[in-house]
Structures are given as C-alpha cells and as structure tokens.
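Printed here is protein_21.txt (compact mmCIF, C-alpha atoms):
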```
# COMPACT_ATOMS: atom_id res chain seq x y z
CA MET A 1255 12.83 -163.27 44.54
CA ILE A 1256 15.02 -160.78 46.41
CA VAL A 1257 18.37 -159.93 44.79
CA ASP A 1258 21.14 -157.76 46.23
CA ILE A 1259 21.87 -154.63 44.21
CA THR A 1260 25.43 -154.65 42.88
CA ASN A 1261 27.08 -153.18 39.81
CA GLU A 1262 26.45 -156.51 38.10
CA THR A 1263 22.81 -157.01 39.07
CA LEU A 1264 22.01 -153.35 38.33
CA LYS A 1265 22.57 -154.07 34.64
CA GLN A 1266 19.88 -156.76 34.77
CA ILE A 1267 17.10 -154.36 35.78
CA LYS A 1268 14.97 -153.74 32.68
CA ASN A 1269 12.75 -150.97 34.04
CA PRO A 1270 14.69 -147.69 33.55
CA ARG A 1271 13.03 -145.90 36.45
CA LEU A 1272 13.65 -148.80 38.82
CA ALA A 1273 17.26 -148.99 37.62
CA ASP A 1274 17.75 -145.27 38.31
CA TYR A 1275 16.19 -145.64 41.74
CA ALA A 1276 18.37 -148.66 42.58
CA ALA A 1277 21.47 -146.81 41.39
CA ILE A 1278 20.86 -144.12 44.03
CA TYR A 1279 21.26 -146.67 46.82
CA LEU A 1280 24.25 -148.26 45.12
CA ARG A 1281 25.98 -144.87 45.09
CA ILE A 1282 25.11 -144.39 48.77
CA PHE A 1283 26.63 -147.79 49.53
CA ASP A 1284 29.79 -147.06 47.53
CA ASP A 1285 30.17 -143.71 49.28
CA PHE A 1286 29.74 -145.40 52.66
CA MET A 1287 32.41 -147.99 51.90
CA GLN A 1288 34.78 -145.22 50.79
CA GLN A 1289 34.23 -143.55 54.15
CA VAL A 1290 34.98 -146.84 55.91
CA ALA A 1291 38.26 -147.23 54.05
CA ALA A 1292 39.14 -143.56 54.64
CA SER A 1293 38.78 -144.11 58.41
CA GLY A 1294 41.90 -146.25 58.26
CA ILE A 1295 40.67 -149.85 58.33
CA ALA A 1296 41.03 -152.42 55.56
CA VAL A 1297 38.02 -153.82 53.68
CA ASP A 1298 38.07 -157.54 52.96
CA SER A 1299 38.30 -158.49 49.29
CA GLU A 1300 36.64 -161.86 49.89
CA ASP A 1301 32.87 -162.33 49.87
CA TYR A 1302 31.73 -164.90 52.44
CA SER A 1303 28.00 -164.51 51.89
CA GLU A 1304 27.60 -167.90 50.18
CA GLU A 1305 29.44 -169.71 52.96
CA THR A 1306 27.44 -167.81 55.59
CA ALA A 1307 24.16 -168.80 53.93
CA LYS A 1308 25.20 -172.47 53.99
CA ARG A 1309 26.10 -172.31 57.69
CA ILE A 1310 22.80 -170.63 58.55
CA ALA A 1311 20.95 -173.36 56.63
CA ARG A 1312 22.79 -176.05 58.63
CA LEU A 1313 21.88 -174.33 61.88
CA GLN A 1314 18.23 -174.26 60.85
CA GLN A 1315 18.36 -177.96 60.00
CA LYS A 1316 19.65 -178.61 63.51
CA GLY A 1317 16.68 -176.81 65.04
CA ALA A 1318 17.88 -173.22 65.39
CA ILE A 1319 15.17 -170.58 65.03
CA LEU A 1320 15.85 -167.80 62.54
CA ARG A 1321 14.51 -164.29 63.17
CA ASN A 1322 14.79 -160.82 61.64
CA SER A 1323 15.46 -162.00 58.09
CA ASP A 1324 17.98 -164.57 59.34
CA ARG A 1325 20.07 -161.90 61.09
CA SER A 1326 19.15 -163.26 64.51
CA ILE A 1327 19.46 -166.94 65.39
CA TYR A 1328 18.64 -168.60 68.68
CA ILE A 1329 18.20 -171.96 70.34
CA ASN A 1330 16.68 -173.03 73.66
CA ALA A 1331 16.01 -169.63 75.26
CA ILE A 1332 15.61 -165.97 74.39
CA SER A 1333 14.92 -162.99 76.64
CA PRO A 1334 11.46 -161.43 76.20
CA ALA A 1335 13.29 -158.10 75.91
CA CYS A 1336 15.10 -159.44 72.83
CA VAL A 1337 11.78 -160.43 71.28
CA ALA A 1338 10.38 -156.96 72.02
CA CYS A 1339 13.46 -155.34 70.49
CA GLN A 1340 12.39 -156.61 67.07
CA LYS A 1341 9.85 -153.78 66.89
CA GLY A 1342 10.99 -151.58 69.76
CA ILE A 1343 7.43 -150.65 70.66
CA GLY A 1344 7.08 -149.97 74.37
CA SER A 1345 10.83 -150.36 74.96
CA ALA A 1346 13.18 -147.74 76.36
CA THR A 1347 16.84 -147.77 77.40
CA PHE A 1348 18.46 -145.21 79.70
CA PHE A 1349 21.89 -144.34 81.05
CA THR A 1350 23.17 -142.31 83.97
CA SER A 1351 26.50 -141.48 82.34
CA LEU A 1352 28.80 -142.81 79.65
CA GLN A 1353 31.67 -143.22 82.09
CA CYS A 1354 33.34 -146.62 82.09
CA HIS A 1355 36.39 -147.99 83.85
CA ARG A 1356 37.10 -150.25 80.89
CA HIS A 1357 38.38 -149.06 77.54
CA CYS A 1358 37.38 -151.67 74.97
CA TYR A 1359 38.79 -150.80 71.55
CA TYR A 1360 35.57 -151.93 69.85
CA CYS A 1361 33.21 -149.83 72.03
CA PHE A 1362 30.56 -147.82 70.19
CA ASN A 1363 29.98 -145.28 72.95
CA PRO A 1364 32.36 -142.63 71.53
CA ASN A 1365 29.86 -142.30 68.65
CA GLN A 1366 27.05 -141.27 70.97
CA VAL A 1367 25.75 -137.71 70.97
CA ASP A 1368 27.39 -135.64 73.73
CA TYR A 1369 29.81 -138.44 74.58
CA GLU A 1370 32.45 -136.13 76.04
CA TYR A 1371 29.83 -134.25 78.06
CA PHE A 1372 28.46 -137.42 79.65
CA GLN A 1373 31.97 -138.53 80.54
CA GLN A 1374 31.85 -135.82 83.18
CA ASN A 1375 28.13 -135.26 83.75
CA LYS A 1376 25.15 -137.39 84.64
CA ARG A 1377 21.53 -137.75 83.62
CA THR A 1378 18.71 -138.59 86.02
CA PRO A 1379 17.02 -141.65 84.48
CA ALA A 1380 14.69 -142.15 87.47
CA GLN A 1381 13.27 -138.67 86.91
CA GLU A 1382 12.98 -139.39 83.20
CA LEU A 1383 10.76 -142.36 84.08
CA ASP A 1384 8.53 -140.09 86.14
CA GLN A 1385 8.27 -137.72 83.18
CA ILE A 1386 7.30 -140.56 80.85
CA GLN A 1387 4.58 -141.66 83.26
CA ALA A 1388 3.31 -138.09 83.64
CA ALA A 1389 3.04 -137.88 79.85
CA GLY A 1390 0.77 -140.94 79.88
CA GLN A 1391 3.12 -143.16 77.91
CA ARG A 1392 3.17 -146.93 78.40
CA VAL A 1393 6.48 -148.76 78.68
CA ASP A 1394 6.77 -152.54 78.95
CA TYR A 1395 10.54 -153.04 78.68
CA LEU A 1396 13.06 -150.87 80.53
CA ALA A 1397 16.84 -151.07 80.56
CA LEU A 1398 19.74 -149.26 82.18
CA THR A 1399 23.07 -149.26 80.39
CA GLY A 1400 26.15 -147.04 80.22
CA GLY A 1401 29.09 -146.65 80.28
CA GLU A 1402 29.14 -148.83 83.32
CA PRO A 1403 25.87 -148.17 85.19
CA LEU A 1404 27.18 -149.62 88.47
CA LEU A 1405 29.72 -146.83 88.72
CA HIS A 1406 26.60 -145.00 89.95
CA LYS A 1407 25.03 -147.57 92.25
CA VAL A 1408 22.65 -145.19 94.02
CA GLU A 1409 21.23 -143.94 90.73
CA ALA A 1410 20.99 -147.47 89.36
CA THR A 1411 19.02 -148.68 92.37
CA GLN A 1412 16.77 -145.62 92.25
CA PHE A 1413 16.09 -146.24 88.56
CA PHE A 1414 14.86 -149.79 89.08
CA GLN A 1415 12.90 -148.87 92.18
CA THR A 1416 11.18 -146.08 90.24
CA ALA A 1417 10.56 -148.48 87.36
CA SER A 1418 8.90 -150.95 89.75
CA ASP A 1419 6.74 -148.20 91.25
CA THR A 1420 5.69 -146.37 88.08
CA PHE A 1421 5.63 -149.21 85.53
CA PRO A 1422 5.06 -152.37 87.61
CA GLN A 1423 4.21 -154.38 84.49
CA ALA A 1424 7.51 -153.53 82.79
CA HIS A 1425 10.32 -156.03 82.33
CA THR A 1426 13.58 -154.53 83.64
CA ARG A 1427 17.19 -155.31 82.74
CA LEU A 1428 20.69 -154.05 83.50
CA TYR A 1429 23.84 -154.18 81.37
CA THR A 1430 27.12 -154.41 83.27
CA THR A 1431 30.71 -155.58 83.13
CA GLY A 1432 30.07 -157.18 86.51
CA ASP A 1433 33.18 -155.65 88.06
CA HIS A 1434 31.09 -153.66 90.54
CA ALA A 1435 28.31 -156.22 91.04
CA ASN A 1436 29.19 -157.24 94.60
CA GLU A 1437 26.75 -158.99 96.92
CA GLU A 1438 25.45 -155.84 98.60
CA THR A 1439 24.76 -154.21 95.24
CA LEU A 1440 22.96 -157.30 93.92
CA GLN A 1441 20.82 -157.43 97.05
CA GLN A 1442 19.85 -153.79 96.55
CA LEU A 1443 19.01 -154.39 92.90
CA GLN A 1444 16.92 -157.42 93.87
CA ALA A 1445 14.98 -155.32 96.39
CA ALA A 1446 14.44 -152.67 93.72
CA GLY A 1447 12.83 -155.23 91.43
CA LEU A 1448 15.51 -155.88 88.80
CA GLU A 1449 14.45 -158.87 86.69
CA GLU A 1450 17.34 -159.43 84.30
CA ILE A 1451 21.07 -158.72 84.38
CA ARG A 1452 23.41 -159.05 81.41
CA PHE A 1453 27.14 -159.42 81.95
CA SER A 1454 29.77 -158.70 79.32
CA ILE A 1455 32.88 -160.85 78.93
CA ARG A 1456 35.95 -159.56 77.12
CA MET A 1457 37.70 -162.31 75.19
CA HIS A 1458 41.01 -160.43 75.29
CA ASP A 1459 41.04 -160.45 79.10
CA LEU A 1460 43.34 -162.82 80.93
CA ALA A 1461 41.97 -165.91 82.64
CA LYS A 1462 41.97 -164.06 85.97
CA GLY A 1463 39.58 -161.47 84.56
CA HIS A 1464 37.28 -164.15 83.19
CA ARG A 1465 37.28 -165.93 86.56
CA LEU A 1466 36.13 -162.77 88.37
CA THR A 1467 33.26 -162.36 85.91
CA PHE A 1468 32.23 -166.00 86.32
CA GLU A 1469 32.22 -165.52 90.10
CA ARG A 1470 30.02 -162.43 89.79
CA ILE A 1471 27.66 -164.30 87.48
CA ALA A 1472 27.33 -167.12 90.02
CA LEU A 1473 26.66 -164.57 92.74
CA ALA A 1474 24.03 -162.78 90.66
CA LYS A 1475 22.10 -166.03 90.19
CA GLN A 1476 21.35 -165.95 93.92
CA TYR A 1477 19.53 -162.63 93.65
CA ILE A 1478 18.41 -161.79 90.09
CA PRO A 1479 15.79 -163.99 88.35
CA THR A 1480 17.38 -163.94 84.90
CA VAL A 1481 21.15 -163.89 84.47
CA MET A 1482 22.60 -163.62 80.97
CA VAL A 1483 25.80 -162.83 79.13
CA GLU A 1484 25.94 -160.49 76.14
CA MET A 1485 29.21 -160.14 74.26
CA PRO A 1486 30.68 -159.81 70.76
CA ILE A 1487 32.53 -162.70 69.17
CA LEU A 1488 36.12 -161.82 68.36
CA PRO A 1489 37.62 -163.50 65.28
CA GLY A 1490 40.31 -166.04 66.08
CA THR A 1491 39.01 -166.89 69.57
CA LEU A 1492 37.09 -170.09 68.82
CA THR A 1493 38.98 -172.22 71.36
CA GLU A 1494 38.65 -169.62 74.10
CA MET A 1495 34.99 -169.06 73.22
CA LYS A 1496 34.20 -172.76 73.59
CA ALA A 1497 35.79 -172.73 77.05
CA VAL A 1498 33.69 -169.70 78.03
CA LEU A 1499 30.49 -171.37 76.81
CA LEU A 1500 31.26 -174.49 78.84
CA GLU A 1501 31.82 -172.35 81.95
CA LEU A 1502 28.51 -170.56 81.40
CA GLU A 1503 26.72 -173.87 80.83
CA ALA A 1504 28.10 -175.11 84.15
CA LEU A 1505 26.82 -171.94 85.82
CA ASP A 1506 23.37 -172.66 84.33
CA ILE A 1507 22.71 -169.11 83.14
CA HIS A 1508 19.52 -168.30 81.26
CA SER A 1509 21.18 -167.58 77.90
CA ILE A 1510 24.00 -165.83 76.08
CA ASN A 1511 23.65 -163.23 73.34
CA LEU A 1512 26.55 -163.54 70.91
CA LEU A 1513 26.84 -160.26 69.05
CA GLU A 1514 28.37 -159.63 65.66
CA PHE A 1515 31.80 -158.06 66.07
CA CYS A 1516 31.58 -154.53 64.68
CA TYR A 1517 33.89 -151.69 63.75
CA PRO A 1518 32.86 -148.47 65.55
CA PHE A 1519 34.76 -146.05 63.27
CA THR A 1520 37.26 -145.50 66.08
CA ASN A 1521 40.62 -147.09 66.96
CA PRO A 1522 41.39 -148.41 63.46
CA GLN A 1523 44.97 -149.13 64.58
CA SER A 1524 43.68 -151.67 67.13
CA PHE A 1525 41.77 -153.51 64.41
CA ASN A 1526 44.67 -153.35 61.95
CA GLU A 1527 47.10 -154.72 64.55
CA ARG A 1528 44.86 -157.78 64.82
CA ALA A 1529 44.45 -158.05 61.03
CA PHE A 1530 40.69 -157.47 61.32
CA LYS A 1531 38.89 -156.25 58.21
CA VAL A 1532 35.41 -154.94 57.47
CA LYS A 1533 33.28 -157.33 55.44
CA LYS A 1534 33.21 -156.69 51.72
CA ARG A 1535 29.46 -156.14 51.85
CA PRO A 1536 28.52 -155.37 55.47
CA PHE A 1537 24.97 -154.42 54.45
CA HIS A 1538 22.46 -155.76 51.95
CA ILE A 1539 20.91 -153.28 49.54
```
Can the structure in the file be given as structure tokens, please?
Amino acid sequence: MIVDITNETLKQIKNPRLADYAAIYLRIFDDFMQQVAASGIAVDSEDYSEETAKRIARLQQKGAILRNSDRSIYINAISPACVACQKGIGSATFFTSLQCHRHCYYCFNPNQVDYEYFQQNKRTPAQELDQIQAAGQRVDYLALTGGEPLLHKVEATQFFQTASDTFPQAHTRLYTTGDHANEETLQQLQAAGLEEIRFSIRMHDLAKGHRLTFERIALAKQYIPTVMVEMPILPGTLTEMKAVLLELEALDIHSINLLEFCYPFTNPQSFNERAFKVKKRPFHI
C-alpha cells in the first residue's frame, strides 16, 4: 500500500529510521510550498485529491487508458512520441531560439537557462543533429520547439531535412502556434519529411483568433501526416473548451493533448487576477 507522506501519516511510521528519512522529504515539500507562496500566488486550502481519484476511476470504467501512475489518461489515439516520452530514451527536442510573438502569461520559457540570451540569439539545431550522428548516438524521436519555431522558417526546414537525412528512422514533430504555418511553409515542411505537427490554442483568445488556428489546422492536414493540438486547460473555460473539441472533431485531427494548467513562477498577478490558486498538494511524496 502506498501512502502519501503528510504531517499526519508521518506519525504512523513505526520505524524510526524510516520516519527520519520520510521527514526529510516532508521538510523539502514544506520549503517548496513556502517558496510558491512567497512568489506571490495563493495556495488553495481545499484538497481535491479524493474527488480527482473518483473522476479518474469513472474515466477508467468508461474505457480510458491510464498511464504513468494515472497521471496520463488517453482514449482512442496517442502519438508514438508521447509513448516514447514515458522513458525519454532515444528522444531529443531542439529549438532555434526562444523568441515568440505571443506572450502567454502561463508560459514556462522564462525559466529556461539563458532565456534572455536566446531571445536575441539563435542555435543551429540542424548542426546539432549532425554532431549527434557523428558521435554515434541513435535517436528515434526528434522535435523542434521554441519560442515559436516558425519565426525561423529556413532553420526549421533545414532541421527536418537534416533529421530525414541523418536519422531516417526517427519520428519527427513540430510545435507551433500555427500563426506562421501558411501553405508555402507547410509544403516545405512536408518536403523536408515532417511527420507530426502540434498546434497550440489559447483559450483566452477571441473567436477570431481561434478561427485562424482552425483554418491553419485544416490546411496542415493537406500536407502533414499527423496533425494534433496540444494545449493547457484553463479553469473556468468548460463551455469554450467543449466548443473547441467539437471544432477539432469536425476537422478530424489525429488527437489532442490536454495539459495540466501550471504556474510557471512568473506573472503571479495574472493568476491572482483570475483567482487561480496552486493546488494544496501539487506533488505526491
């Protein structure tokens, strides 16, 4: 039986050495939560773990497949890259720069090493692939992300062409907002061997913004074998989310990855304005 370590359950541990060892991680957790609160965001006082467990159980009863200790749930279809991500063996993700024309308040990129530097400077991911091949390493799943990778269309096309030439067995994917995925660009990516493209949809965009993304998704289906959407779920957007899912179903995309909405330790005022709070126990220990 696996039991979460809390101040209450810690008292139930009879083995003194085990209790001391468990207390170390409890102190780490408490320190982490203090840092979260000190960043300026509120921590929820309610614990929804019991309700969450019941909902997961209902999903499983309806045929959903649970993965990664019930942290990942899927039905119908899943990208092979998502399956590979469970272990990460033979997978690699690259970026040209961290520049992006969008400024999502929940973006994690500002936490990346050398974020400011790569706002102004670029890497050469195609050359990095050549270096990996020269080192004799095998890669089976390759991705290009950003920032917005299609702000650098030449480099993006070169990356996937190099991937096709040096690692022909590798599954390739691209993450994009879709704003720069016009027909000419999609044709170039198709010729370079891109296998999968993942669009992001911002729930706080107006309907006009959503419509443009839907149009780009429909266009991509003409050129890229696997077209997906990957996006976080914003609290309080259930009605809008249902409408988005119906649109995507009508477009007959491969699948949609619904990500847990996270706090990136930046822009606490944006989260507070929306009354968003960090879960009482965001991690199990």
Subject >> Residue nearest Leu1488 of chain A among A:Asp1258, A:Asp1301, A:Asp1433, A:Asp1459 (counting all atoms listed in the file) >> reply: A:Asp1459
Original post:
Can you tell me, as a list of chain:residue names, what residues are no more than 9 Å from segment 1293-1297 of chain A when counting all atoms listed in the file, ignoring any on the same chain fewer than 5 positions away?
Top reply: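 Residues near the query, excluding close chain neighbours: A:Met1287, A:Gln1288, A:Tyr1517, A:Phe1519, A:Thr1520, A:Asn1521, A:Pro1522, A:Gln1523, A:Phe1525, A:Asn1526, A:Ala1529, A:Phe1530, A:Lys1531, A:Val1532, A:Lys1533, A:Lys1534.
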Subject >> Residue neighbourhood Tyr1395 of chain A, 8 Å, all atoms listed in the file, exclusion window fewer than 2 positions, as number ranges by chain >> reply: A: 1335, 1338, 1344-1346, 1393, 1397, 1424-1426
Original post:
If you count only C-alpha atoms, which residues fall within 12 Å of Ser1323 of chain A, apart from same-chain ones fewer than 3 positions away, as a list in words?
Top reply: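 Skipping anything fewer than 3 positions along the chain leaves Ile1256, Ala1307, Ile1310, Ile1319, Leu1320, Ser1326, Ile1327, Gln1340 and His1538 of chain A.
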Once you count only C-alpha atoms, what closest atom pair and distance in Å to one decimal does each residue of segment 1405-1435 of chain A within 10 Å of segment 1462-1482 of chain A have, with rows by chain and rising residue number, as JSON lines?
```
{"residue": "A:Arg1427", "atom": "CA", "partner": "A:Thr1480", "partner_atom": "CA", "distance": 8.9}
{"residue": "A:Leu1428", "atom": "CA", "partner": "A:Val1481", "partner_atom": "CA", "distance": 9.9}
{"residue": "A:Tyr1429", "atom": "CA", "partner": "A:Met1482", "partner_atom": "CA", "distance": 9.5}
{"residue": "A:Thr1431", "atom": "CA", "partner": "A:Thr1467", "partner_atom": "CA", "distance": 7.8}
{"residue": "A:Gly1432", "atom": "CA", "partner": "A:Thr1467", "partner_atom": "CA", "distance": 6.1}
{"residue": "A:Asp1433", "atom": "CA", "partner": "A:Thr1467", "partner_atom": "CA", "distance": 7.0}
{"residue": "A:His1434", "atom": "CA", "partner": "A:Arg1470", "partner_atom": "CA", "distance": 8.9}
{"residue": "A:Ala1435", "atom": "CA", "partner": "A:Arg1470", "partner_atom": "CA", "distance": 6.6}
```
Subject >> A:Ile1386, A:Leu1396, A:Ile1507, A:Leu1352 ranked by distance to Glu1370 of chain A, top pick (using all atoms listed in the file) >> reply: A:Leu1352
Original post:
Contacts of Tyr1328 of chain A at 12 Å or less, counting only C-alpha atoms, minus same-chain residues fewer than 4 places along, as a list in words?
Top reply: Ile1310, Leu1313, Gln1314, Lys1316, Gly1317, Ala1318, Ile1319, Leu1320, Arg1321, Asn1322, Asp1324, Ile1332, Ser1333, Cys1336, Val1337, Ser1509, Ile1510, Asn1511, Leu1512 and Leu1513 of chain A
**OP:** Quote the spacing between atom CA of Phe1283 of chain A and atom CA of Ile1267 of chain A in Å to one decimal place.
**Re:** 18.0 Å
Original post:
In Å, how far is it from atom CA of Gln1374 of chain A to atom CA of Gln1441 of chain A?
Top reply: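 Going from atom CA of Gln1374 of chain A over to atom CA of Gln1441 of chain A, I get 27.9 Å.
Atom CA of Ile1487 of chain A sits 7.9 Å away from atom CA of Met1457 of chain A.
Closest approach to Thr1411 of chain A from the set A:Gly1447, A:Glu1382, A:Lys1496, A:Thr1399 is made by A:Gly1447, with distances taken over only C-alpha atoms.
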Subject >> Contacts of segment 1405-1408 of chain A at 10 Å (only C-alpha atoms; same-chain gap of 4+ positions) as a ChimeraX atom specification >> reply: /A:1350-1355,1376,1400-1401,1412-1413,1430,1433-1435,1439,1442-1443
**OP:** Pick out the closest residue to Glu1484 of chain A from this set: A:Arg1325, A:Arg1271, A:His1508, A:Arg1535. Count all atoms listed in the file.
**Re:** A:His1508
**OP:** Give the answer as one residue: which of A:Arg1377, A:Cys1361, A:Ala1291, A:Thr1347 has the shortest atom-to-atom distance to Asp1394 of chain A, using all atoms listed in the file?
**Re:**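 Checking each of A:Arg1377, A:Cys1361, A:Ala1291, A:Thr1347 against Asp1394 of chain A, counting all atoms listed in the file, the winner is A:Thr1347.
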Quick one: segment 1440-1465 of chain A with N, CA and C atoms, as a CSV table (one decimal), in the frame of the given file?
```
chain,number,residue,atom,x,y,z
A,1440,LEU,N,24.0,-156.4,94.5
A,1440,LEU,CA,23.0,-157.3,93.9
A,1440,LEU,C,21.7,-157.4,94.8
A,1441,GLN,N,21.9,-157.4,96.1
A,1441,GLN,CA,20.8,-157.4,97.0
A,1441,GLN,C,20.0,-156.2,96.9
A,1442,GLN,N,20.6,-155.0,96.7
A,1442,GLN,CA,19.8,-153.8,96.6
A,1442,GLN,C,19.1,-153.8,95.2
A,1443,LEU,N,19.7,-154.3,94.2
A,1443,LEU,CA,19.0,-154.4,92.9
A,1443,LEU,C,17.8,-155.4,93.0
A,1444,GLN,N,18.0,-156.5,93.7
A,1444,GLN,CA,16.9,-157.4,93.9
A,1444,GLN,C,15.7,-156.7,94.6
A,1445,ALA,N,16.0,-156.0,95.6
A,1445,ALA,CA,15.0,-155.3,96.4
A,1445,ALA,C,14.3,-154.3,95.5
A,1446,ALA,N,15.0,-153.7,94.6
A,1446,ALA,CA,14.4,-152.7,93.7
A,1446,ALA,C,13.6,-153.3,92.6
A,1447,GLY,N,13.7,-154.6,92.4
A,1447,GLY,CA,12.8,-155.2,91.4
A,1447,GLY,C,13.5,-155.6,90.1
A,1448,LEU,N,14.8,-155.5,90.0
A,1448,LEU,CA,15.5,-155.9,88.8
A,1448,LEU,C,15.2,-157.3,88.4
A,1449,GLU,N,14.8,-157.5,87.2
A,1449,GLU,CA,14.4,-158.9,86.7
A,1449,GLU,C,15.5,-159.6,85.9
A,1450,GLU,N,16.4,-158.8,85.2
A,1450,GLU,CA,17.3,-159.4,84.3
A,1450,GLU,C,18.6,-158.6,84.3
A,1451,ILE,N,19.8,-159.4,84.4
A,1451,ILE,CA,21.1,-158.7,84.4
A,1451,ILE,C,21.9,-159.4,83.3
A,1452,ARG,N,22.6,-158.5,82.5
A,1452,ARG,CA,23.4,-159.0,81.4
A,1452,ARG,C,24.9,-158.6,81.6
A,1453,PHE,N,25.7,-159.6,81.7
A,1453,PHE,CA,27.1,-159.4,82.0
A,1453,PHE,C,27.9,-159.4,80.6
A,1454,SER,N,28.9,-158.6,80.5
A,1454,SER,CA,29.8,-158.7,79.3
A,1454,SER,C,31.1,-159.4,79.7
A,1455,ILE,N,31.6,-160.2,78.7
A,1455,ILE,CA,32.9,-160.8,78.9
A,1455,ILE,C,33.8,-160.4,77.8
A,1456,ARG,N,35.0,-160.0,78.1
A,1456,ARG,CA,36.0,-159.6,77.1
A,1456,ARG,C,36.9,-160.7,76.8
A,1457,MET,N,36.9,-161.2,75.6
A,1457,MET,CA,37.7,-162.3,75.2
A,1457,MET,C,39.2,-162.0,75.3
A,1458,HIS,N,39.6,-160.7,75.2
A,1458,HIS,CA,41.0,-160.4,75.3
A,1458,HIS,C,41.5,-160.2,76.7
A,1459,ASP,N,40.6,-160.5,77.7
A,1459,ASP,CA,41.0,-160.4,79.1
A,1459,ASP,C,41.8,-161.7,79.4
A,1460,LEU,N,42.6,-161.6,80.5
A,1460,LEU,CA,43.3,-162.8,80.9
A,1460,LEU,C,42.4,-163.7,81.7
A,1461,ALA,N,42.8,-164.9,82.0
A,1461,ALA,CA,42.0,-165.9,82.6
A,1461,ALA,C,41.5,-165.4,84.0
A,1462,LYS,N,42.3,-164.6,84.7
A,1462,LYS,CA,42.0,-164.1,86.0
A,1462,LYS,C,40.8,-163.1,85.8
A,1463,GLY,N,40.7,-162.3,84.8
A,1463,GLY,CA,39.6,-161.5,84.6
A,1463,GLY,C,38.3,-162.2,84.3
A,1464,HIS,N,38.4,-163.3,83.5
A,1464,HIS,CA,37.3,-164.2,83.2
A,1464,HIS,C,36.8,-164.8,84.5
A,1465,ARG,N,37.7,-165.2,85.3
A,1465,ARG,CA,37.3,-165.9,86.6
A,1465,ARG,C,36.5,-165.0,87.5
```
